[in-house]
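Next comes data.txt, with compact mmCIF, C-alpha atoms.
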```txt
# COMPACT_ATOMS: atom_id res chain seq x y z
CA LEU A 1 0.00 0.00 0.00
CA LEU A 2 1.19 3.53 -0.76
CA ARG A 3 1.89 5.68 2.24
CA PRO A 4 -0.37 8.77 2.35
CA MET A 5 1.68 11.78 1.28
CA ILE A 6 2.19 14.52 3.83
CA ALA A 7 0.59 17.82 2.88
CA PRO A 8 3.15 20.25 1.42
CA PRO A 9 4.50 22.78 3.91
CA LYS A 10 3.49 26.43 3.65
CA PHE A 11 6.08 29.08 2.88
CA LYS A 12 6.00 32.88 2.50
CA THR A 13 7.90 33.17 -0.79
CA VAL A 14 7.55 29.82 -2.56
CA VAL A 15 4.73 27.36 -3.19
CA VAL A 16 5.36 23.61 -3.20
CA SER A 17 2.97 21.14 -4.82
CA VAL A 18 3.00 17.51 -5.88
CA ASP A 19 1.11 15.68 -8.61
CA ALA A 20 1.17 12.22 -7.07
CA GLY A 21 -0.23 10.61 -10.22
CA SER A 22 2.68 11.76 -12.38
CA HIS A 23 5.30 11.81 -9.58
CA VAL A 24 6.20 15.44 -10.39
CA GLY A 25 6.84 18.03 -7.69
CA THR A 26 6.83 21.77 -8.34
CA LEU A 27 8.62 24.56 -6.52
CA ARG A 28 7.18 27.90 -7.65
CA LEU A 29 8.76 31.22 -6.69
CA ASN A 30 5.85 33.28 -5.39
CA ARG A 31 6.66 36.98 -5.22
CA PRO A 32 5.15 37.99 -8.57
CA SER A 33 4.64 41.64 -7.61
CA LYS A 34 8.42 41.84 -7.05
CA SER A 35 9.28 39.77 -10.15
CA ASN A 36 10.19 37.00 -7.69
CA ALA A 37 13.19 38.97 -6.44
CA ILE A 38 15.07 37.02 -3.80
CA ASP A 39 14.72 38.33 -0.26
CA GLY A 40 15.92 36.91 3.04
CA ASP A 41 12.89 34.66 3.41
CA MET A 42 13.35 33.16 -0.05
CA TRP A 43 17.02 32.40 0.57
CA ALA A 44 15.97 30.46 3.68
CA GLU A 45 12.88 28.79 2.23
CA ILE A 46 14.22 27.45 -1.07
CA PRO A 47 16.53 24.81 0.48
CA LYS A 48 13.79 23.77 2.92
CA ALA A 49 11.32 23.35 0.05
CA VAL A 50 13.84 21.39 -2.03
CA GLN A 51 14.63 19.13 0.93
CA TRP A 52 10.93 18.44 1.48
CA LEU A 53 10.48 17.46 -2.17
CA ASP A 54 13.61 15.31 -2.02
CA ASP A 55 12.24 13.49 1.03
CA GLN A 56 8.95 12.57 -0.67
CA ALA A 57 9.16 9.04 -2.08
CA GLU A 58 6.33 9.84 -4.50
CA VAL A 59 8.31 12.66 -6.14
CA ARG A 60 10.68 11.61 -8.92
CA VAL A 61 11.22 14.91 -10.75
CA VAL A 62 11.15 18.52 -9.55
CA VAL A 63 10.15 21.51 -11.70
CA VAL A 64 11.25 25.00 -10.62
CA ALA A 65 9.10 27.83 -11.98
CA GLY A 66 8.13 31.40 -11.21
CA ALA A 67 4.72 32.99 -10.67
CA GLY A 68 3.87 36.02 -12.81
CA LYS A 69 5.59 37.53 -15.83
CA ASN A 70 9.20 37.03 -14.71
CA PHE A 71 11.06 34.01 -13.42
CA CYS A 72 13.38 35.92 -11.09
CA ALA A 73 14.75 39.48 -11.17
CA GLY A 74 17.69 38.63 -8.90
CA ILE A 75 18.24 39.81 -5.35
CA ASP A 76 15.74 42.24 -3.87
CA VAL A 77 17.24 45.72 -4.20
CA SER A 78 13.96 47.57 -3.61
CA SER A 79 15.44 49.45 -0.64
CA PRO A 80 18.90 50.23 0.74
CA GLU A 81 18.06 48.21 3.85
CA SER A 82 17.11 45.17 1.78
CA LEU A 83 20.29 45.37 -0.29
CA THR A 84 22.46 45.76 2.81
CA SER A 85 20.83 42.72 4.39
CA GLN A 86 21.19 40.68 1.16
CA LEU A 87 24.90 41.47 1.05
CA GLY A 88 25.40 40.44 4.66
CA GLN A 89 26.56 43.88 5.74
CA ALA A 90 23.93 44.45 8.44
CA THR A 91 26.16 43.66 11.39
CA ALA A 92 27.23 45.56 14.47
CA VAL A 93 30.56 43.71 14.66
CA LYS A 94 33.44 46.19 14.76
CA CYS A 95 36.45 43.90 14.39
CA PRO A 96 37.38 43.73 10.67
CA GLY A 97 38.49 40.11 10.96
CA ARG A 98 35.28 38.98 12.64
CA LYS A 99 33.21 41.01 10.19
CA ALA A 100 34.99 39.27 7.31
CA GLU A 101 34.38 35.87 8.90
CA ALA A 102 30.68 36.66 9.33
CA LEU A 103 30.43 37.77 5.69
CA PHE A 104 32.19 34.59 4.55
CA ARG A 105 29.67 32.46 6.43
CA HIS A 106 26.80 34.55 5.05
CA ILE A 107 27.96 34.04 1.44
CA ARG A 108 28.47 30.31 1.98
CA GLY A 109 24.95 30.08 3.36
CA LEU A 110 23.52 31.78 0.27
CA GLN A 111 25.53 29.45 -1.96
CA ASP A 112 24.09 26.45 -0.14
CA SER A 113 20.56 27.71 -0.82
CA PHE A 114 20.98 27.05 -4.55
CA THR A 115 23.40 24.13 -4.26
CA ALA A 116 20.33 22.43 -2.76
CA PHE A 117 19.12 21.86 -6.33
CA GLU A 118 22.27 19.86 -7.09
CA ARG A 119 22.11 17.98 -3.81
CA CYS A 120 18.50 16.98 -4.46
CA ARG A 121 18.52 13.32 -5.53
CA LYS A 122 15.73 13.94 -8.03
CA PRO A 123 16.41 15.60 -11.42
CA VAL A 124 15.48 19.30 -11.29
CA MET A 125 14.06 21.09 -14.34
CA CYS A 126 13.89 24.89 -14.52
CA ALA A 127 11.22 26.74 -16.53
CA VAL A 128 12.18 30.37 -17.18
CA GLN A 129 9.83 33.05 -18.46
CA GLY A 130 10.59 36.75 -18.72
CA ALA A 131 13.52 38.11 -16.74
CA CYS A 132 16.13 35.78 -15.29
CA PHE A 133 18.69 38.20 -13.86
CA GLY A 134 21.51 37.91 -11.34
CA GLY A 135 20.45 35.46 -8.65
CA GLY A 136 17.89 34.05 -11.08
CA VAL A 137 20.76 32.86 -13.29
CA ASP A 138 22.49 31.43 -10.20
CA MET A 139 19.33 29.44 -9.54
CA ALA A 140 18.77 28.29 -13.11
CA VAL A 141 22.30 27.01 -13.70
CA ALA A 142 22.16 25.00 -10.45
CA CYS A 143 19.27 22.99 -11.95
CA ASP A 144 19.85 19.97 -14.20
CA ILE A 145 17.79 21.04 -17.23
CA ARG A 146 16.54 24.44 -18.38
CA TYR A 147 13.68 25.45 -20.67
CA CYS A 148 12.47 28.98 -21.40
CA SER A 149 9.76 30.97 -23.15
CA ALA A 150 10.43 33.19 -26.17
CA ASP A 151 10.32 36.33 -24.01
CA ALA A 152 13.00 35.09 -21.60
CA GLY A 153 16.12 37.15 -21.00
CA PHE A 154 19.19 36.00 -19.07
CA CYS A 155 21.58 38.50 -17.50
CA VAL A 156 24.56 37.99 -15.17
CA LYS A 157 23.84 41.35 -13.58
CA GLU A 158 26.18 41.46 -10.60
CA VAL A 159 29.00 43.47 -12.20
CA ASP A 160 26.55 46.37 -12.70
CA LEU A 161 26.01 46.37 -8.93
CA ALA A 162 29.77 46.45 -8.31
CA ILE A 163 29.66 42.83 -7.16
CA THR A 164 31.59 39.76 -8.32
CA ALA A 165 28.92 37.06 -8.75
CA ASP A 166 29.48 34.64 -5.89
CA ILE A 167 26.47 32.28 -5.67
CA GLY A 168 27.45 29.83 -8.43
CA THR A 169 27.05 31.37 -11.88
CA LEU A 170 30.78 31.88 -12.46
CA GLN A 171 31.42 28.26 -11.51
CA ARG A 172 28.49 26.55 -13.27
CA LEU A 173 27.78 28.68 -16.34
CA PRO A 174 31.13 27.94 -18.10
CA THR A 175 30.37 24.20 -18.06
CA LEU A 176 27.11 24.91 -19.91
CA VAL A 177 28.06 27.58 -22.46
CA GLY A 178 31.86 27.49 -22.51
CA HIS A 179 34.42 29.64 -20.70
CA GLY A 180 34.60 32.41 -23.28
CA VAL A 181 30.86 32.95 -23.60
CA ALA A 182 30.37 32.81 -19.83
CA THR A 183 33.15 35.35 -19.30
CA GLU A 184 31.61 37.72 -21.85
CA MET A 185 28.17 37.42 -20.24
CA ALA A 186 29.58 38.04 -16.76
CA LEU A 187 31.71 41.05 -17.73
CA THR A 188 29.23 42.83 -20.00
CA ALA A 189 26.04 42.05 -18.05
CA ARG A 190 24.18 42.12 -21.36
CA VAL A 191 20.81 40.42 -21.71
CA VAL A 192 20.89 37.13 -23.63
CA GLY A 193 17.58 36.39 -25.34
CA ALA A 194 15.83 33.05 -25.61
CA GLU A 195 17.10 32.00 -29.04
CA GLU A 196 20.70 32.92 -28.20
CA ALA A 197 20.33 31.04 -24.91
CA ARG A 198 19.35 27.94 -26.85
CA ALA A 199 22.14 28.44 -29.39
CA ILE A 200 24.84 28.62 -26.69
CA GLY A 201 23.42 25.69 -24.69
CA LEU A 202 22.05 27.58 -21.72
CA VAL A 203 18.57 26.17 -22.40
CA THR A 204 17.60 23.13 -24.45
CA GLU A 205 14.16 24.18 -25.71
CA VAL A 206 12.25 27.44 -26.23
CA ALA A 207 8.46 27.64 -25.95
CA PRO A 208 6.49 30.41 -27.68
CA ASN A 209 4.94 31.80 -24.49
CA ALA A 210 4.56 31.20 -20.75
CA ALA A 211 1.57 28.87 -21.10
CA ALA A 212 3.39 26.76 -23.67
CA LEU A 213 6.47 26.73 -21.41
CA GLU A 214 4.39 25.37 -18.53
CA ALA A 215 3.03 22.65 -20.81
CA LEU A 216 6.50 21.83 -22.18
CA ALA A 217 8.11 21.54 -18.75
CA GLY A 218 5.20 19.46 -17.49
CA GLU A 219 5.41 17.08 -20.44
CA ARG A 220 9.17 16.62 -20.10
CA ALA A 221 8.88 16.14 -16.34
CA ARG A 222 6.12 13.52 -16.64
CA SER A 223 8.11 11.65 -19.27
CA LEU A 224 11.20 11.56 -17.07
CA ALA A 225 9.18 10.61 -13.98
CA ALA A 226 7.89 7.53 -15.82
CA LYS A 227 11.44 6.17 -16.09
CA SER A 228 13.30 4.22 -13.44
CA PRO A 229 13.92 6.57 -10.50
CA LEU A 230 17.14 4.73 -9.71
CA ALA A 231 18.41 5.23 -13.27
CA ALA A 232 17.38 8.90 -13.35
CA GLN A 233 18.98 9.68 -10.02
CA GLY A 234 22.11 7.70 -10.90
CA THR A 235 22.42 9.58 -14.19
CA LYS A 236 22.17 12.93 -12.39
CA GLN A 237 24.84 11.89 -9.91
CA ALA A 238 27.14 10.60 -12.65
CA MET A 239 26.74 13.78 -14.73
CA LEU A 240 27.50 16.08 -11.79
CA HIS A 241 30.51 13.93 -10.85
CA ALA A 242 31.78 13.96 -14.44
CA ARG A 243 31.54 17.76 -14.54
CA ASP A 244 33.89 18.11 -11.58
CA HIS A 245 36.28 15.20 -12.16
CA SER A 246 38.49 13.59 -14.80
CA VAL A 247 37.18 10.98 -17.25
CA ARG A 248 39.11 8.27 -15.40
CA GLU A 249 37.56 9.26 -12.09
CA GLY A 250 34.12 9.48 -13.68
CA LEU A 251 34.36 5.99 -15.15
CA GLU A 252 35.37 4.55 -11.80
CA PHE A 253 32.53 6.40 -10.07
CA VAL A 254 29.83 5.12 -12.43
CA ALA A 255 31.27 1.59 -12.33
CA MET A 256 31.08 1.57 -8.55
CA MET A 257 27.53 2.95 -8.61
CA ASN A 258 26.26 0.50 -11.21
CA SER A 259 27.90 -2.47 -9.52
CA ALA A 260 25.14 -2.02 -6.93
CA ARG A 261 22.30 -0.56 -8.99
CA LEU A 262 22.35 -3.07 -11.87
CA THR A 263 21.02 -5.61 -9.39
CA SER A 264 17.85 -3.57 -8.84
CA GLU A 265 14.34 -4.72 -9.76
CA ASP A 266 14.04 -1.75 -12.14
CA LEU A 267 16.25 -3.38 -14.79
CA GLY A 268 14.14 -6.54 -14.81
CA GLU A 269 10.91 -4.54 -14.99
CA ALA A 270 12.23 -2.40 -17.86
CA MET A 271 13.19 -5.50 -19.88
CA ALA A 272 9.92 -7.31 -19.10
CA ALA A 273 7.89 -4.28 -20.15
CA LYS A 274 9.86 -3.91 -23.38
CA PHE A 275 9.25 -7.49 -24.47
CA ALA A 276 5.61 -7.39 -23.36
CA GLY A 277 4.98 -4.20 -25.27
CA ARG A 278 3.73 -2.29 -22.20
CA ALA A 279 4.79 0.69 -20.13
CA PRO A 280 7.03 -0.23 -17.19
CA THR A 281 5.90 0.33 -13.60
CA PHE A 282 8.61 1.20 -11.11
CA SER A 283 8.41 1.14 -7.33
CA ARG A 284 8.96 4.30 -5.32
CA LEU A 285 12.25 4.72 -3.50
```
Spell out the structure here as structure tokens.
Amino acid sequence: LLRPMIAPPKFKTVVVSVDAGSHVGTLRLNRPSKSNAIDGDMWAEIPKAVQWLDDQAEVRVVVVAGAGKNFCAGIDVSSPESLTSQLGQATAVKCPGRKAEALFRHIRGLQDSFTAFERCRKPVMCAVQGACFGGGVDMAVACDIRYCSADAGFCVKEVDLAITADIGTLQRLPTLVGHGVATEMALTARVVGAEEARAIGLVTEVAPNAAALEALAGERARSLAAKSPLAAQGTKQAMLHARDHSVREGLEFVAMMNSARLTSEDLGEAMAAKFAGRAPTFSRL
């Protein structure tokens, strides 16, 4: 018998939902009046929402989306106080060394908020409409797959705020679009449109509008969720490992992983379904 799924937790800045029938979970940024700009609450709530989705056995794929016209306008700079807080400068500490240590820990905490997408065992798809600026790019490139609508625009905006991007774009973007293109995007802070984003490999598909993007991401997520969850999760782990290691190390990693996973029931079910001409049915993890 399937265990009844716990009701999704409530958050201030994001909405979490699960379609148990398709095994797809959704994390939707929910500050549409602010173009889903990232405030202190969102930094804290995103990793909690991702962890909750990761813990649900019924969820096999996660889709990250944004409410309203824009996916994410970056960090909330609507007031000097908000910007100061975002940058970790709201501290009464006088000692320069201790202030630097506090800022280091603050930045590492923000980095962990988006690294949560990589740590999530389930594949994470990102659906981008409208503006995807600054922290929005940090978020998108931490996901496994990206789609966008025709009106999407991507901008590594930090240099225009006199900041060196430090939440993951400078580390992850070059592996997607190449070092030269990533460097040009980061130094010029120019807006890259949807078709250019597809051409350089930042996104894999472009939908004509936001509604079509929602349908596209949903279709791709349902298709992936119908596959073996062990195989999907193993593929994500192997791809992330390969990105950060040599070919030799990657081959050893996947050999060690498959030496255990090839004994799973999923392989037998996939073969049986193929020869029977039916869709396979996989158990939850």
Using all atoms listed in the file, determine which residues lie at most 10 Å from Val181 in chain A, disregarding the query and same-chain residues fewer than 6 positions distant; provide the list as number ranges by chain. A: 173-174, 200
Which residues are near range 225-227 of chain A? Cut-off 7 Å, all atoms listed in the file, ignore same chain within fewer than 2 positions. Put them as an mmCIF file with C-alpha atoms, in the coordinates of the input.
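Ended up saving to result-v8.cif:
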```cif
data_model
loop_
_atom_site.group_PDB
_atom_site.id
_atom_site.type_symbol
_atom_site.label_atom_id
_atom_site.label_comp_id
_atom_site.auth_asym_id
_atom_site.auth_seq_id
_atom_site.Cartn_x
_atom_site.Cartn_y
_atom_site.Cartn_z
ATOM 1 C CA SER A 22 2.680 11.760 -12.380
ATOM 2 C CA HIS A 23 5.300 11.810 -9.580
ATOM 3 C CA VAL A 24 6.200 15.440 -10.390
ATOM 4 C CA ARG A 60 10.680 11.610 -8.920
ATOM 5 C CA VAL A 61 11.220 14.910 -10.750
ATOM 6 C CA ALA A 221 8.880 16.140 -16.340
ATOM 7 C CA ARG A 222 6.120 13.520 -16.640
ATOM 8 C CA SER A 223 8.110 11.650 -19.270
ATOM 9 C CA PRO A 229 13.920 6.570 -10.500
#
```
In Å, how far is it from CA of Met125 in chain A to CA of Arg28 in chain A?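 So the two atoms, CA of Met125 in chain A and CA of Arg28 in chain A, lie 11.8 Å apart.
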Interatomic distance, CA of Asn30 in chain A to CA of Lys12 in chain A (Å, one decimal):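 Result for CA of Asn30 in chain A versus CA of Lys12 in chain A: 7.9 Å, one decimal.
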For the atom pair CA of Glu269 in chain A and CA of Ala242 in chain A, what is the interatomic distance in Å to one decimal place? 27.9 Å
Between A:Val203, A:Ala131, A:Ile163, A:Leu213, which is the closest to Lys69 in chain A once you count only C-alpha atoms?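 The answer is A:Ala131, which sits nearest to Lys69 in chain A.
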Restricting the calculation to only C-alpha atoms: of A:Gly193, A:Gly218, A:Pro96, A:Pro32, which residue gets closest to Val62 in chain A?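 Under the stated criterion, the closest residue is A:Gly218.
For the residues A:Ala217, A:Ala37, A:Cys148, A:Ile75, ranking by smallest atom-to-atom distance to Val63 in chain A using all atoms listed in the file places A:Ala217 first.
Nearest to Val77 in chain A of all the residues A:Gly135, A:Gln51, A:Ile107, A:Val93 is A:Gly135, based on only C-alpha atoms.
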Could you check which residues have any atom within 12 Å of (7.0, 44.3, -7.7), counting only C-alpha atoms with coordinates taken straight from the file, and then list them as a ChimeraX atom specification? /A:30-38,67-70,72-73,76-78
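Among the candidate residues A:Met256, A:Glu214, A:Lys99, A:Glu158, the one lying nearest to Gln129 in chain A is A:Glu214, with distances computed using all atoms listed in the file.
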Selected residue of minimal separation from Thr115 in chain A among A:Ile167, A:Leu103, A:Ala152, A:Ile145, counting all atoms listed in the file: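 When distances to Thr115 in chain A are compared using all atoms listed in the file, the smallest one comes from A:Ile167.
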Using only C-alpha atoms, which residues sit within 12 Å of Thr235 in chain A once same-chain residues fewer than 2 positions away are excluded, as an MDAnalysis selection string? chainID A and resid 121:123 144 224 227:233 237:242 250 253:254 257:258 261
